[in-house]
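Pasted below: entry.cif, mmCIF, C-alpha atoms.
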data_protein
#
loop_
_atom_site.group_PDB
_atom_site.id
_atom_site.type_symbol
_atom_site.label_atom_id
_atom_site.label_comp_id
_atom_site.auth_asym_id
_atom_site.auth_seq_id
_atom_site.Cartn_x
_atom_site.Cartn_y
_atom_site.Cartn_z
ATOM 1 C CA MET A 2 0.000 0.000 0.000
ATOM 2 C CA ARG A 3 1.247 3.480 -0.813
ATOM 3 C CA ARG A 4 2.104 5.856 2.009
ATOM 4 C CA GLY A 5 1.364 9.529 2.369
ATOM 5 C CA GLY A 6 -1.714 11.711 2.051
ATOM 6 C CA THR A 7 -1.167 13.151 -1.429
ATOM 7 C CA SER A 8 -3.991 12.220 -3.748
ATOM 8 C CA ARG A 9 -3.784 10.405 -7.070
ATOM 9 C CA ARG A 10 -5.417 12.616 -9.674
ATOM 10 C CA CYS A 11 -7.838 11.441 -12.316
ATOM 11 C CA ALA A 12 -9.782 13.572 -14.783
ATOM 12 C CA PRO A 13 -13.294 12.549 -13.641
ATOM 13 C CA CYS A 14 -12.343 13.088 -9.995
ATOM 14 C CA ARG A 15 -11.390 16.723 -10.478
ATOM 15 C CA GLY A 16 -14.974 17.477 -11.430
ATOM 16 C CA LEU A 17 -16.407 15.314 -8.675
ATOM 17 C CA ARG A 18 -14.193 16.863 -6.007
ATOM 18 C CA ARG A 19 -16.019 20.159 -6.432
ATOM 19 C CA ARG A 20 -19.407 18.516 -5.843
ATOM 20 C CA VAL A 21 -18.762 16.068 -3.016
ATOM 21 C CA GLY A 22 -17.677 17.111 0.508
ATOM 22 C CA LEU A 23 -15.543 14.638 2.417
ATOM 23 C CA GLY A 24 -16.519 14.953 5.438
ATOM 24 C CA ARG A 25 -12.738 7.602 29.550
ATOM 25 C CA VAL A 26 -13.729 4.558 27.564
ATOM 26 C CA VAL A 27 -17.124 3.050 28.394
ATOM 27 C CA ARG A 28 -16.601 -0.685 28.500
ATOM 28 C CA PRO A 29 -19.128 -2.980 26.833
ATOM 29 C CA SER A 30 -21.559 -4.736 29.098
ATOM 30 C CA GLY A 31 -19.689 -8.031 29.264
ATOM 31 C CA SER A 32 -16.382 -9.666 28.436
ATOM 32 C CA GLU A 33 -14.834 -13.095 28.500
ATOM 33 C CA ARG A 34 -11.716 -14.921 27.440
ATOM 34 C CA ASP A 35 -11.709 -15.992 23.823
ATOM 35 C CA GLY A 36 -9.910 -19.266 24.502
ATOM 36 C CA ASN A 37 -6.925 -18.134 22.424
ATOM 37 C CA GLY A 38 -4.921 -16.537 25.202
ATOM 38 C CA GLY A 39 -6.297 -13.111 24.374
ATOM 39 C CA ARG A 40 -9.164 -10.948 25.437
ATOM 40 C CA GLU A 41 -12.489 -11.082 23.659
ATOM 41 C CA THR A 42 -14.766 -8.172 24.498
ATOM 42 C CA ILE A 43 -18.464 -8.515 23.815
ATOM 43 C CA GLY A 44 -20.511 -5.328 23.510
ATOM 44 C CA GLN A 45 -24.253 -5.702 23.844
ATOM 45 C CA ARG A 46 -27.276 -3.453 23.645
ATOM 46 C CA PRO A 47 -29.168 -1.653 24.999
ATOM 47 C CA GLU A 48 -26.883 1.341 25.085
ATOM 48 C CA ASP A 49 -27.092 3.961 27.837
ATOM 49 C CA GLU A 50 -30.634 5.251 28.219
ATOM 50 C CA PRO A 51 -31.237 9.013 27.871
ATOM 51 C CA GLY A 52 -30.990 10.797 31.206
ATOM 52 C CA THR A 53 -28.453 8.388 32.709
ATOM 53 C CA GLY A 54 -24.697 8.218 33.084
ATOM 54 C CA LEU A 55 -22.227 10.669 31.637
ATOM 55 C CA VAL A 56 -24.690 12.525 29.401
ATOM 56 C CA ALA A 57 -27.026 13.228 32.324
ATOM 57 C CA ALA A 58 -24.099 14.279 34.536
ATOM 58 C CA PHE A 59 -22.976 16.776 31.907
ATOM 59 C CA GLY A 60 -26.523 18.116 31.645
ATOM 60 C CA ARG A 61 -26.821 18.626 35.395
ATOM 61 C CA GLN A 62 -23.455 20.392 35.483
ATOM 62 C CA LEU A 63 -24.465 22.638 32.589
ATOM 63 C CA LYS A 64 -27.712 23.597 34.328
ATOM 64 C CA LEU A 65 -25.976 24.325 37.648
ATOM 65 C CA LEU A 66 -23.404 26.535 35.922
ATOM 66 C CA ARG A 67 -26.126 28.410 34.033
ATOM 67 C CA ILE A 68 -28.114 29.008 37.235
ATOM 68 C CA ARG A 69 -24.961 30.088 39.061
ATOM 69 C CA ALA A 70 -24.354 32.627 36.311
ATOM 70 C CA GLY A 71 -27.890 33.964 36.790
ATOM 71 C CA VAL A 72 -28.887 33.312 33.185
ATOM 72 C CA GLU A 73 -32.332 32.090 32.157
ATOM 73 C CA ARG A 74 -32.546 29.212 29.707
ATOM 74 C CA VAL A 75 -34.131 31.390 27.007
ATOM 75 C CA GLU A 76 -31.414 34.013 27.358
ATOM 76 C CA PHE A 77 -28.656 31.408 27.388
ATOM 77 C CA GLY A 78 -30.036 29.779 24.245
ATOM 78 C CA ALA A 79 -30.092 33.109 22.423
ATOM 79 C CA GLN A 80 -26.543 33.849 23.555
ATOM 80 C CA MET A 81 -25.322 30.455 22.360
ATOM 81 C CA GLY A 82 -27.304 30.448 19.112
ATOM 82 C CA TYR A 83 -29.432 27.437 20.104
ATOM 83 C CA SER A 84 -33.161 27.087 20.713
ATOM 84 C CA THR A 85 -34.533 26.913 24.244
ATOM 85 C CA ALA A 86 -35.736 23.371 23.527
ATOM 86 C CA THR A 87 -32.221 22.296 22.533
ATOM 87 C CA ILE A 88 -30.691 23.773 25.689
ATOM 88 C CA ALA A 89 -33.328 21.943 27.732
ATOM 89 C CA ALA A 90 -32.488 18.678 25.949
ATOM 90 C CA TYR A 91 -28.794 19.114 26.788
ATOM 91 C CA GLU A 92 -29.530 19.917 30.439
ATOM 92 C CA GLN A 93 -31.902 16.984 30.819
ATOM 93 C CA GLY A 94 -29.505 14.486 29.247
ATOM 94 C CA ARG A 95 -31.771 13.776 26.269
ATOM 95 C CA ARG A 96 -29.239 14.961 23.697
ATOM 96 C CA ILE A 97 -25.451 14.981 23.553
ATOM 97 C CA ALA A 98 -23.960 18.449 23.216
ATOM 98 C CA PRO A 99 -21.543 18.883 20.267
ATOM 99 C CA PRO A 100 -17.916 19.946 20.896
ATOM 100 C CA LYS A 101 -18.416 23.506 19.594
ATOM 101 C CA PHE A 102 -21.284 24.066 22.005
ATOM 102 C CA ILE A 103 -19.263 22.687 24.923
ATOM 103 C CA ASP A 104 -16.331 25.013 24.228
ATOM 104 C CA LYS A 105 -18.576 28.042 23.859
ATOM 105 C CA ALA A 106 -20.678 27.203 26.926
ATOM 106 C CA ASP A 107 -17.592 26.688 29.086
ATOM 107 C CA ASP A 108 -16.356 30.159 28.176
ATOM 108 C CA ALA A 109 -19.773 31.835 28.413
ATOM 109 C CA LEU A 110 -20.488 30.391 31.869
ATOM 110 C CA ASP A 111 -16.928 30.926 33.132
ATOM 111 C CA ALA A 112 -16.762 27.210 33.938
ATOM 112 C CA GLY A 113 -12.965 27.124 34.083
ATOM 113 C CA GLY A 114 -12.677 24.073 31.839
ATOM 114 C CA VAL A 115 -15.156 21.907 33.778
ATOM 115 C CA LEU A 116 -17.348 21.353 30.718
ATOM 116 C CA LYS A 117 -14.442 21.108 28.285
ATOM 117 C CA ALA A 118 -12.952 18.311 30.379
ATOM 118 C CA LEU A 119 -15.970 16.154 29.491
ATOM 119 C CA LYS A 120 -15.832 16.844 25.763
ATOM 120 C CA GLU A 121 -13.855 13.777 24.692
ATOM 121 C CA ASP A 122 -15.940 11.410 26.807
ATOM 122 C CA LEU A 123 -19.162 12.906 25.470
ATOM 123 C CA ALA A 124 -17.919 12.481 21.915
ATOM 124 C CA ARG A 125 -17.479 8.753 22.549
ATOM 125 C CA ALA A 126 -20.900 8.563 24.189
ATOM 126 C CA GLN A 127 -22.441 9.376 20.794
ATOM 127 C CA TYR A 128 -21.568 5.887 19.598
ATOM 128 C CA PRO A 129 -23.691 2.834 20.383
ATOM 129 C CA ALA A 130 -22.288 1.039 23.413
ATOM 130 C CA PHE A 131 -21.249 -1.967 21.332
ATOM 131 C CA PHE A 132 -18.990 0.196 19.107
ATOM 132 C CA ARG A 133 -17.284 2.529 21.591
ATOM 133 C CA ASP A 134 -14.097 0.538 22.162
ATOM 134 C CA ALA A 135 -13.693 -0.035 18.428
ATOM 135 C CA ALA A 136 -14.243 3.682 17.735
ATOM 136 C CA ARG A 137 -11.481 4.604 20.177
ATOM 137 C CA LEU A 138 -9.036 2.156 18.596
ATOM 138 C CA GLU A 139 -9.997 3.241 15.091
ATOM 139 C CA GLY A 140 -9.364 6.895 15.908
ATOM 140 C CA GLU A 141 -5.824 6.088 17.078
ATOM 141 C CA ALA A 142 -5.002 3.493 14.416
ATOM 142 C CA VAL A 143 -1.920 3.601 12.213
ATOM 143 C CA ALA A 144 -3.479 1.109 9.790
ATOM 144 C CA LEU A 145 -6.985 -0.194 9.099
ATOM 145 C CA SER A 146 -8.266 -3.099 7.032
ATOM 146 C CA VAL A 147 -12.037 -3.228 6.525
ATOM 147 C CA TYR A 148 -14.137 -5.908 4.833
ATOM 148 C CA ALA A 149 -17.792 -4.911 4.245
ATOM 149 C CA THR A 150 -20.598 -7.097 2.928
ATOM 150 C CA VAL A 151 -23.925 -5.271 3.348
ATOM 151 C CA ALA A 152 -23.358 -1.514 3.197
ATOM 152 C CA VAL A 153 -20.551 0.907 2.387
ATOM 153 C CA PRO A 154 -18.120 1.106 5.352
ATOM 154 C CA GLY A 155 -18.975 3.943 7.736
ATOM 155 C CA LEU A 156 -15.677 5.732 7.122
ATOM 156 C CA LEU A 157 -16.556 6.061 3.426
ATOM 157 C CA GLN A 158 -20.226 7.006 3.776
ATOM 158 C CA THR A 159 -21.685 10.317 2.648
ATOM 159 C CA GLU A 160 -23.972 12.191 5.013
ATOM 160 C CA ASP A 161 -27.091 11.292 2.996
ATOM 161 C CA TYR A 162 -26.131 7.618 2.755
ATOM 162 C CA ALA A 163 -25.320 7.377 6.462
ATOM 163 C CA ARG A 164 -28.597 9.037 7.426
ATOM 164 C CA ALA A 165 -30.485 6.567 5.235
ATOM 165 C CA VAL A 166 -28.670 3.652 6.904
ATOM 166 C CA PHE A 167 -29.698 4.865 10.354
ATOM 167 C CA ARG A 168 -33.285 5.490 9.248
ATOM 168 C CA MET A 169 -33.548 1.881 8.087
ATOM 169 C CA GLN A 170 -32.516 0.434 11.427
ATOM 170 C CA ARG A 171 -35.066 -1.712 13.236
ATOM 171 C CA PRO A 172 -36.309 -1.099 15.872
ATOM 172 C CA LEU A 173 -36.663 2.473 14.611
ATOM 173 C CA LEU A 174 -34.348 5.103 16.067
ATOM 174 C CA ASP A 175 -35.647 8.460 17.297
ATOM 175 C CA ASP A 176 -34.762 11.428 15.086
ATOM 176 C CA GLU A 177 -32.508 12.848 17.807
ATOM 177 C CA VAL A 178 -30.624 9.561 18.090
ATOM 178 C CA ILE A 179 -30.227 9.427 14.306
ATOM 179 C CA GLU A 180 -28.699 12.906 14.260
ATOM 180 C CA GLN A 181 -26.348 12.005 17.129
ATOM 181 C CA ARG A 182 -25.225 8.823 15.397
ATOM 182 C CA LEU A 183 -24.833 10.699 12.117
ATOM 183 C CA ALA A 184 -22.640 13.384 13.701
ATOM 184 C CA ALA A 185 -20.509 10.704 15.330
ATOM 185 C CA ARG A 186 -20.093 8.778 12.076
ATOM 186 C CA LEU A 187 -19.062 11.869 10.133
ATOM 187 C CA ALA A 188 -16.657 12.855 12.921
ATOM 188 C CA ARG A 189 -14.892 9.508 12.476
ATOM 189 C CA GLN A 190 -13.969 10.598 8.958
ATOM 190 C CA ARG A 191 -11.519 13.129 10.371
ATOM 191 C CA ILE A 192 -9.105 10.209 10.216
ATOM 192 C CA PHE A 193 -8.566 11.064 6.527
ATOM 193 C CA GLY A 194 -7.036 14.394 7.539
ATOM 194 C CA ARG A 195 -4.693 12.981 10.174
ATOM 195 C CA ARG A 196 -0.939 13.359 9.832
ATOM 196 C CA PRO A 197 0.890 11.099 9.559
ATOM 197 C CA SER A 198 -1.759 9.459 7.429
ATOM 198 C CA PRO A 199 -2.865 5.989 8.544
ATOM 199 C CA LEU A 200 -2.790 3.264 5.910
ATOM 200 C CA MET A 201 -6.317 2.169 5.027
ATOM 201 C CA SER A 202 -7.560 -0.774 2.997
ATOM 202 C CA PHE A 203 -11.231 -1.402 2.202
ATOM 203 C CA ILE A 204 -12.776 -4.413 0.488
ATOM 204 C CA MET A 205 -16.492 -4.326 -0.243
ATOM 205 C CA GLU A 206 -18.828 -6.671 -2.027
ATOM 206 C CA GLU A 207 -19.965 -5.582 -5.484
ATOM 207 C CA ALA A 208 -23.600 -5.835 -4.322
ATOM 208 C CA VAL A 209 -22.946 -2.963 -1.902
ATOM 209 C CA LEU A 210 -22.347 -0.659 -4.867
ATOM 210 C CA HIS A 211 -25.673 -1.630 -6.452
ATOM 211 C CA ARG A 212 -27.887 -1.491 -3.348
ATOM 212 C CA PRO A 213 -29.767 1.870 -3.583
ATOM 213 C CA ILE A 214 -29.806 2.741 0.108
ATOM 214 C CA GLY A 215 -31.437 6.152 0.342
ATOM 215 C CA GLY A 216 -32.434 6.139 -3.334
ATOM 216 C CA ARG A 217 -30.656 6.340 -6.674
ATOM 217 C CA MET A 218 -29.278 9.863 -6.231
ATOM 218 C CA THR A 219 -27.935 9.039 -2.775
ATOM 219 C CA LEU A 220 -26.267 5.945 -4.199
ATOM 220 C CA ARG A 221 -24.727 8.004 -6.988
ATOM 221 C CA GLY A 222 -23.323 10.492 -4.487
ATOM 222 C CA GLN A 223 -21.933 7.582 -2.481
ATOM 223 C CA ARG A 224 -20.218 6.110 -5.523
ATOM 224 C CA GLU A 225 -18.683 9.513 -6.238
ATOM 225 C CA GLN A 226 -17.345 9.724 -2.695
ATOM 226 C CA ILE A 227 -15.803 6.259 -2.957
ATOM 227 C CA LEU A 228 -14.088 7.279 -6.179
ATOM 228 C CA LEU A 229 -12.733 10.460 -4.595
ATOM 229 C CA ILE A 230 -11.453 8.878 -1.398
ATOM 230 C CA GLY A 231 -9.870 6.109 -3.440
ATOM 231 C CA GLN A 232 -7.532 8.671 -5.030
ATOM 232 C CA ASN A 233 -5.672 9.186 -1.743
ATOM 233 C CA ARG A 234 -2.295 7.468 -1.732
ATOM 234 C CA ASN A 235 -2.818 6.047 1.759
ATOM 235 C CA VAL A 236 -6.180 4.493 0.830
ATOM 236 C CA GLU A 237 -6.849 1.373 -1.226
ATOM 237 C CA ILE A 238 -10.410 0.383 -2.115
ATOM 238 C CA GLN A 239 -11.164 -2.983 -3.684
ATOM 239 C CA VAL A 240 -14.380 -4.500 -4.998
ATOM 240 C CA MET A 241 -15.163 -8.206 -4.660
ATOM 241 C CA PRO A 242 -17.021 -9.233 -7.845
ATOM 242 C CA THR A 243 -20.269 -11.115 -7.353
ATOM 243 C CA ASN A 244 -19.282 -13.714 -9.961
ATOM 244 C CA ARG A 245 -16.200 -14.955 -8.079
ATOM 245 C CA GLU A 246 -16.402 -18.723 -7.600
ATOM 246 C CA ASP A 247 -13.810 -18.737 -4.800
ATOM 247 C CA HIS A 248 -14.610 -16.452 -1.884
ATOM 248 C CA ALA A 249 -12.764 -16.313 1.453
ATOM 249 C CA GLY A 250 -15.213 -13.934 3.122
ATOM 250 C CA LEU A 251 -18.280 -16.099 3.644
ATOM 251 C CA GLY A 252 -17.759 -15.865 7.403
ATOM 252 C CA GLY A 253 -18.932 -12.251 7.356
ATOM 253 C CA PRO A 254 -17.495 -8.731 7.724
ATOM 254 C CA PHE A 255 -14.587 -7.813 9.995
ATOM 255 C CA ASN A 256 -11.998 -5.103 10.619
ATOM 256 C CA LEU A 257 -8.311 -5.302 11.489
ATOM 257 C CA ILE A 258 -6.936 -2.357 13.475
ATOM 258 C CA ASP A 259 -3.219 -1.678 13.965
ATOM 259 C CA THR A 260 -2.391 0.557 16.933
ATOM 260 C CA ALA A 261 0.570 2.876 17.434
ATOM 261 C CA GLN A 262 1.766 0.494 20.167
ATOM 262 C CA GLY A 263 2.300 -2.262 17.606
ATOM 263 C CA GLN A 264 -0.794 -4.256 18.558
ATOM 264 C CA ARG A 265 -3.251 -5.642 16.030
ATOM 265 C CA VAL A 266 -6.894 -5.987 17.068
ATOM 266 C CA ALA A 267 -9.765 -7.598 15.173
ATOM 267 C CA TYR A 268 -13.327 -6.316 15.344
ATOM 268 C CA THR A 269 -16.444 -8.197 14.270
ATOM 269 C CA GLU A 270 -20.070 -7.152 14.478
ATOM 270 C CA VAL A 271 -23.355 -8.893 13.760
ATOM 271 C CA GLN A 272 -26.890 -7.900 14.778
ATOM 272 C CA ASP A 273 -25.479 -5.070 16.931
ATOM 273 C CA ASP A 274 -23.337 -7.462 18.980
ATOM 274 C CA SER A 275 -19.604 -6.892 18.655
ATOM 275 C CA ARG A 276 -16.350 -8.571 19.594
ATOM 276 C CA LEU A 277 -12.801 -7.309 19.876
ATOM 277 C CA TYR A 278 -10.129 -9.999 19.516
ATOM 278 C CA THR A 279 -6.504 -9.708 20.588
ATOM 279 C CA GLY A 280 -5.633 -13.420 20.762
ATOM 280 C CA LEU A 281 -2.893 -14.261 18.262
ATOM 281 C CA PRO A 282 -4.535 -17.375 16.732
ATOM 282 C CA LYS A 283 -7.723 -15.466 15.883
ATOM 283 C CA ILE A 284 -5.779 -12.469 14.583
ATOM 284 C CA ARG A 285 -3.682 -14.700 12.316
ATOM 285 C CA GLU A 286 -6.814 -16.414 11.025
ATOM 286 C CA LEU A 287 -8.419 -13.103 10.039
ATOM 287 C CA GLU A 288 -5.146 -11.718 8.650
ATOM 288 C CA SER A 289 -4.894 -14.738 6.377
ATOM 289 C CA ARG A 290 -8.516 -14.391 5.348
ATOM 290 C CA TYR A 291 -8.078 -10.708 4.527
ATOM 291 C CA GLY A 292 -4.993 -11.439 2.456
ATOM 292 C CA ILE A 293 -6.891 -14.010 0.407
ATOM 293 C CA LEU A 294 -9.790 -11.589 -0.047
ATOM 294 C CA ARG A 295 -7.403 -8.969 -1.426
ATOM 295 C CA SER A 296 -6.072 -11.451 -3.952
ATOM 296 C CA GLN A 297 -9.590 -12.486 -5.006
ATOM 297 C CA ALA A 298 -10.981 -8.954 -5.332
ATOM 298 C CA LEU A 299 -10.366 -6.526 -8.171
ATOM 299 C CA THR A 300 -7.142 -4.560 -7.778
ATOM 300 C CA PRO A 301 -7.466 -0.981 -6.458
ATOM 301 C CA SER A 302 -7.064 0.437 -9.979
ATOM 302 C CA GLU A 303 -9.577 -2.012 -11.427
ATOM 303 C CA SER A 304 -11.969 -1.264 -8.579
ATOM 304 C CA LEU A 305 -11.910 2.504 -9.131
ATOM 305 C CA ALA A 306 -12.421 1.932 -12.842
ATOM 306 C CA PHE A 307 -15.414 -0.258 -11.985
ATOM 307 C CA VAL A 308 -16.932 2.462 -9.767
ATOM 308 C CA GLU A 309 -16.324 5.007 -12.526
ATOM 309 C CA GLN A 310 -18.115 2.693 -14.953
ATOM 310 C CA LEU A 311 -21.104 2.491 -12.595
ATOM 311 C CA LEU A 312 -21.224 6.287 -12.448
ATOM 312 C CA GLY A 313 -21.480 6.373 -16.225
ATOM 313 C CA GLU A 314 -24.536 4.112 -16.250
ATOM 314 C CA ARG A 315 -28.034 5.545 -16.415
#
Since I need it in another form, could you write the structure as structure tokens?
Amino acid sequence: MRRGGTSRRCAPCRGLRRRVGLGRVVRPSGSERDGNGGRETIGQRPEDEPGTGLVAAFGRQLKLLRIRAGVERVEFGAQMGYSTATIAAYEQGRRIAPPKFIDKADDALDAGGVLKALKEDLARAQYPAFFRDAARLEGEAVALSVYATVAVPGLLQTEDYARAVFRMQRPLLDDEVIEQRLAARLARQRIFGRRPSPLMSFIMEEAVLHRPIGGRMTLRGQREQILLIGQNRNVEIQVMPTNREDHAGLGGPFNLIDTAQGQRVAYTEVQDDSRLYTGLPKIRELESRYGILRSQALTPSESLAFVEQLLGER
């Protein structure tokens, strides 16, 4: 894989680039040994309920600081540029405050950094409980390998595509939860701007590129984004053709995450249950599987040409 963040240029991408915008750890509820000498962490739903835990604690602190400052909720909302209902939702722990709000509120209420100190933890609280450990590792990774079978990987998703994915979830998610999850997913994409650039490899099934999640126009925008991100020298995107007779990925999707400490972790997820593997036998098994998948899939150049071909279809 090629290193560095400089992008590979292609004529169609120059036009697309103007139209598409690239956008304390909470432990899962249970864990057990994986039998391979490593730790297997199992994250299960339900995630934290609104009004409990860290989010509620932040809300109570925000309200106390506002009252101490002698500011009414309506006045505070106007000062911050937020509606009274939104301020109430933050104070009651029904919504997670975004980082910009936290910084501004800390300064406006002369909180002395009390609110800012919770910013990183609140950012992680936006993720479903089963994904929080993986999100932390992903954000610090020096290399990622992602195999996706059903939908475009979250790191590559456009805002419209990601919103459509969340809206399809069953049981249905509340609109506020959808917006929180959406903000968290898009925030993960800051990894593309990190320096030094992490090495990233994505393999996705061809069917993913045909499935019109969110509608035909949303799918087109998603294909454009894949083509654009694939131009980055530190990113390789491969497509697994549907007509392949030999296929090493029938066991389902998985991610491999390399940390700055030299550790490799595997992450799997099915039906909102997740597992993190650190045991060497399991890691080697998935490493081997990923290597075979790369050899069976189209090459990165062939894959981008395939996506470009799909964009030309009507």
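Look at Val271 of chain A: the protein and nucleic acid residues within 10 Å of it, using all atoms listed in the file and passing over chain neighbours fewer than 2 places away, are Gly253, Pro254, Phe255, Thr269, Asp273, Asp274, Ser275 and Arg276 of chain A.
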Inset, instruction - Apply the PyMOL selection byres ((chain A and resi 189) around 9) to the displayed file and report the matching residues as a list in words. - result: Ala136, Glu139, Gly140, Gly155, Leu156, Ala184, Ala185, Arg186, Leu187, Ala188, Gln190, Arg191, Ile192 and Phe193 of chain A
Legend entry - Separation of atom CA of Ala152 of chain A from atom CA of Arg212 of chain A in Å: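 Atom-to-atom, atom CA of Arg212 of chain A to atom CA of Ala152 of chain A, that is 8.0 Å.
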Legend entry - d(atom CA of Lys105 of chain A, atom CA of Arg196 of chain A) in Å: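 According to the coordinates, atom CA of Lys105 of chain A and atom CA of Arg196 of chain A are separated by 26.9 Å.
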Chain and number of each residue from the PyMOL selection byres ((chain A and resi 132) around 9), as a compact mmCIF listing (two decimals) with C-alpha atoms, in the coordinates of the input:
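Once written, expr_16.txt looks like this:
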# COMPACT_ATOMS: atom_id res chain seq x y z
CA PRO A 29 -19.13 -2.98 26.83
CA GLY A 44 -20.51 -5.33 23.51
CA TYR A 128 -21.57 5.89 19.60
CA PRO A 129 -23.69 2.83 20.38
CA ALA A 130 -22.29 1.04 23.41
CA PHE A 131 -21.25 -1.97 21.33
CA ARG A 133 -17.28 2.53 21.59
CA ASP A 134 -14.10 0.54 22.16
CA ALA A 135 -13.69 -0.04 18.43
CA ALA A 136 -14.24 3.68 17.74
CA ARG A 137 -11.48 4.60 20.18
CA GLU A 270 -20.07 -7.15 14.48
CA ASP A 273 -25.48 -5.07 16.93
CA ASP A 274 -23.34 -7.46 18.98
CA SER A 275 -19.60 -6.89 18.66
Legend entry - Distance in Å - atom CA of Gln232 of chain A versus atom CA of Asn256 of chain A: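 About the pair atom CA of Gln232 of chain A and atom CA of Asn256 of chain A: they are 21.3 Å apart.
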Inset, instruction - Would you mind telling me which residue in A:Arg96, A:Arg295, A:Arg171, A:Arg125 lies nearest to Ala57 of chain A when using all atoms listed in the file? - result: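 Going through A:Arg96, A:Arg295, A:Arg171, A:Arg125 one by one, the smallest distance to Ala57 of chain A is for A:Arg96.
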Inset, instruction - Excluding Val166 of chain A and any residue of its chain fewer than 5 positions from it, enumerate the residues within 10 Å of it, using only C-alpha atoms, and give them as a PyMOL selection string. - result: chain A and resi 152-153+155+158+160-161+179+183+214-215
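When only C-alpha atoms are used to measure the gap to Leu312 of chain A, the shortest distance among A:Pro213, A:Gly222, A:Gly60, A:Gly231 belongs to A:Gly222.
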Inset, instruction - To verify the selection step, state as number ranges by chain which residues the PyMOL selection byres ((chain A and resi 267) around 7) yields on this input. - result: A: 256-258, 265-266, 268-269, 277-279, 284
Legend entry - A:Asp107, A:Asp247, A:Glu76, A:Glu237 ranked by distance to Phe203 of chain A, top pick (using all atoms listed in the file): A:Glu237
Legend entry - Point (-34.5, 8.9, 20.8) neighbourhood (9 Å, all atoms listed in the file) written as a list in words: Pro51, Arg95, Arg96, Leu174, Asp175, Asp176, Glu177, Val178 and Ile179 of chain A
Legend entry - Residue nearest Ser146 of chain A among A:Thr219, A:Gln93, A:Ser289, A:Ser202 (counting all atoms listed in the file): A:Ser202
Legend entry - Nearest to Asn244 of chain A by atom-to-atom distance, counting all atoms listed in the file, from A:Ala298, A:Ala98, A:Leu66, A:Pro199: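 Of A:Ala298, A:Ala98, A:Leu66, A:Pro199, the one nearest Asn244 of chain A, counting all atoms listed in the file, is A:Ala298.
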Legend entry - Selected residue of minimal separation from Arg182 of chain A among A:Gly194, A:Pro282, A:Pro99, A:Thr87, counting only C-alpha atoms: A:Pro99
Legend entry - Residues within 12 Å of Lys101 of chain A, all atoms listed in the file, excluding chain neighbours under 3 positions, as a PyMOL selection string: chain A and resi 81-83+97-98+104-108+116-117+120-121+124
Legend entry - Polymer residues at most 8 Å from Met205 of chain A, only C-alpha atoms, same-chain spacing of 5 or more positions, as a list in words: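 Counting only the stated atoms, we get Tyr148, Ala149, Thr150, Val153, Pro154, Ile238, Gln239, Val240 and Met241 of chain A.
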Selection from above, C-alpha atoms, as a PDB file, in the coordinates of the input, can you write it?
ATOM      1  CA  TYR A 148     -14.137  -5.908   4.833  1.00  0.00           C
ATOM      2  CA  ALA A 149     -17.792  -4.911   4.245  1.00  0.00           C
ATOM      3  CA  THR A 150     -20.598  -7.097   2.928  1.00  0.00           C
ATOM      4  CA  VAL A 153     -20.551   0.907   2.387  1.00  0.00           C
ATOM      5  CA  PRO A 154     -18.120   1.106   5.352  1.00  0.00           C
ATOM      6  CA  ILE A 238     -10.410   0.383  -2.115  1.00  0.00           C
ATOM      7  CA  GLN A 239     -11.164  -2.983  -3.684  1.00  0.00           C
ATOM      8  CA  VAL A 240     -14.380  -4.500  -4.998  1.00  0.00           C
ATOM      9  CA  MET A 241     -15.163  -8.206  -4.660  1.00  0.00           C
TER      10      MET A 241
END
Using all atoms of segment 230-237 of chain A listed in the file and a margin of 8 Å per side, can you give the axis-aligned box centre and edge lengths in Å to one decimal, as AutoDock Vina command-line options?
--center_x -6.9 --center_y 5.3 --center_z -1.6 --size_x 25.2 --size_y 23.8 --size_z 22.8
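Point (-10.7, -6.9, -10.6) has the following residues at most 12 Å away: A:Ile204, A:Glu206, A:Glu207, A:Ile238, A:Gln239, A:Val240, A:Met241, A:Pro242, A:Thr243, A:Asn244, A:Arg245, A:Leu294, A:Arg295, A:Ser296, A:Gln297, A:Ala298, A:Leu299, A:Thr300, A:Pro301, A:Ser302, A:Glu303, A:Ser304, A:Leu305, A:Ala306, A:Phe307, A:Val308 (atoms considered: only C-alpha atoms).
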Atoms added to segment 251-255 of chain A (N, CA, C and O atoms), reported as an mmCIF file, keeping the file's coordinate frame:
data_model
loop_
_atom_site.group_PDB
_atom_site.id
_atom_site.type_symbol
_atom_site.label_atom_id
_atom_site.label_comp_id
_atom_site.auth_asym_id
_atom_site.auth_seq_id
_atom_site.Cartn_x
_atom_site.Cartn_y
_atom_site.Cartn_z
ATOM 1 N N LEU A 251 -16.924 -15.645 3.342
ATOM 2 C CA LEU A 251 -18.280 -16.099 3.644
ATOM 3 C C LEU A 251 -18.580 -16.090 5.139
ATOM 4 O O LEU A 251 -19.731 -16.226 5.543
ATOM 5 N N GLY A 252 -17.549 -15.931 5.955
ATOM 6 C CA GLY A 252 -17.759 -15.865 7.403
ATOM 7 C C GLY A 252 -18.306 -14.536 7.874
ATOM 8 O O GLY A 252 -18.662 -14.394 9.044
ATOM 9 N N GLY A 253 -18.358 -13.533 6.981
ATOM 10 C CA GLY A 253 -18.932 -12.251 7.356
ATOM 11 C C GLY A 253 -17.907 -11.136 7.445
ATOM 12 O O GLY A 253 -16.698 -11.356 7.307
ATOM 13 N N PRO A 254 -18.376 -9.904 7.701
ATOM 14 C CA PRO A 254 -17.495 -8.731 7.724
ATOM 15 C C PRO A 254 -16.605 -8.700 8.964
ATOM 16 O O PRO A 254 -16.940 -9.282 9.998
ATOM 17 N N PHE A 255 -15.480 -7.998 8.848
ATOM 18 C CA PHE A 255 -14.587 -7.813 9.995
ATOM 19 C C PHE A 255 -13.614 -6.689 9.685
ATOM 20 O O PHE A 255 -13.415 -6.320 8.521
#
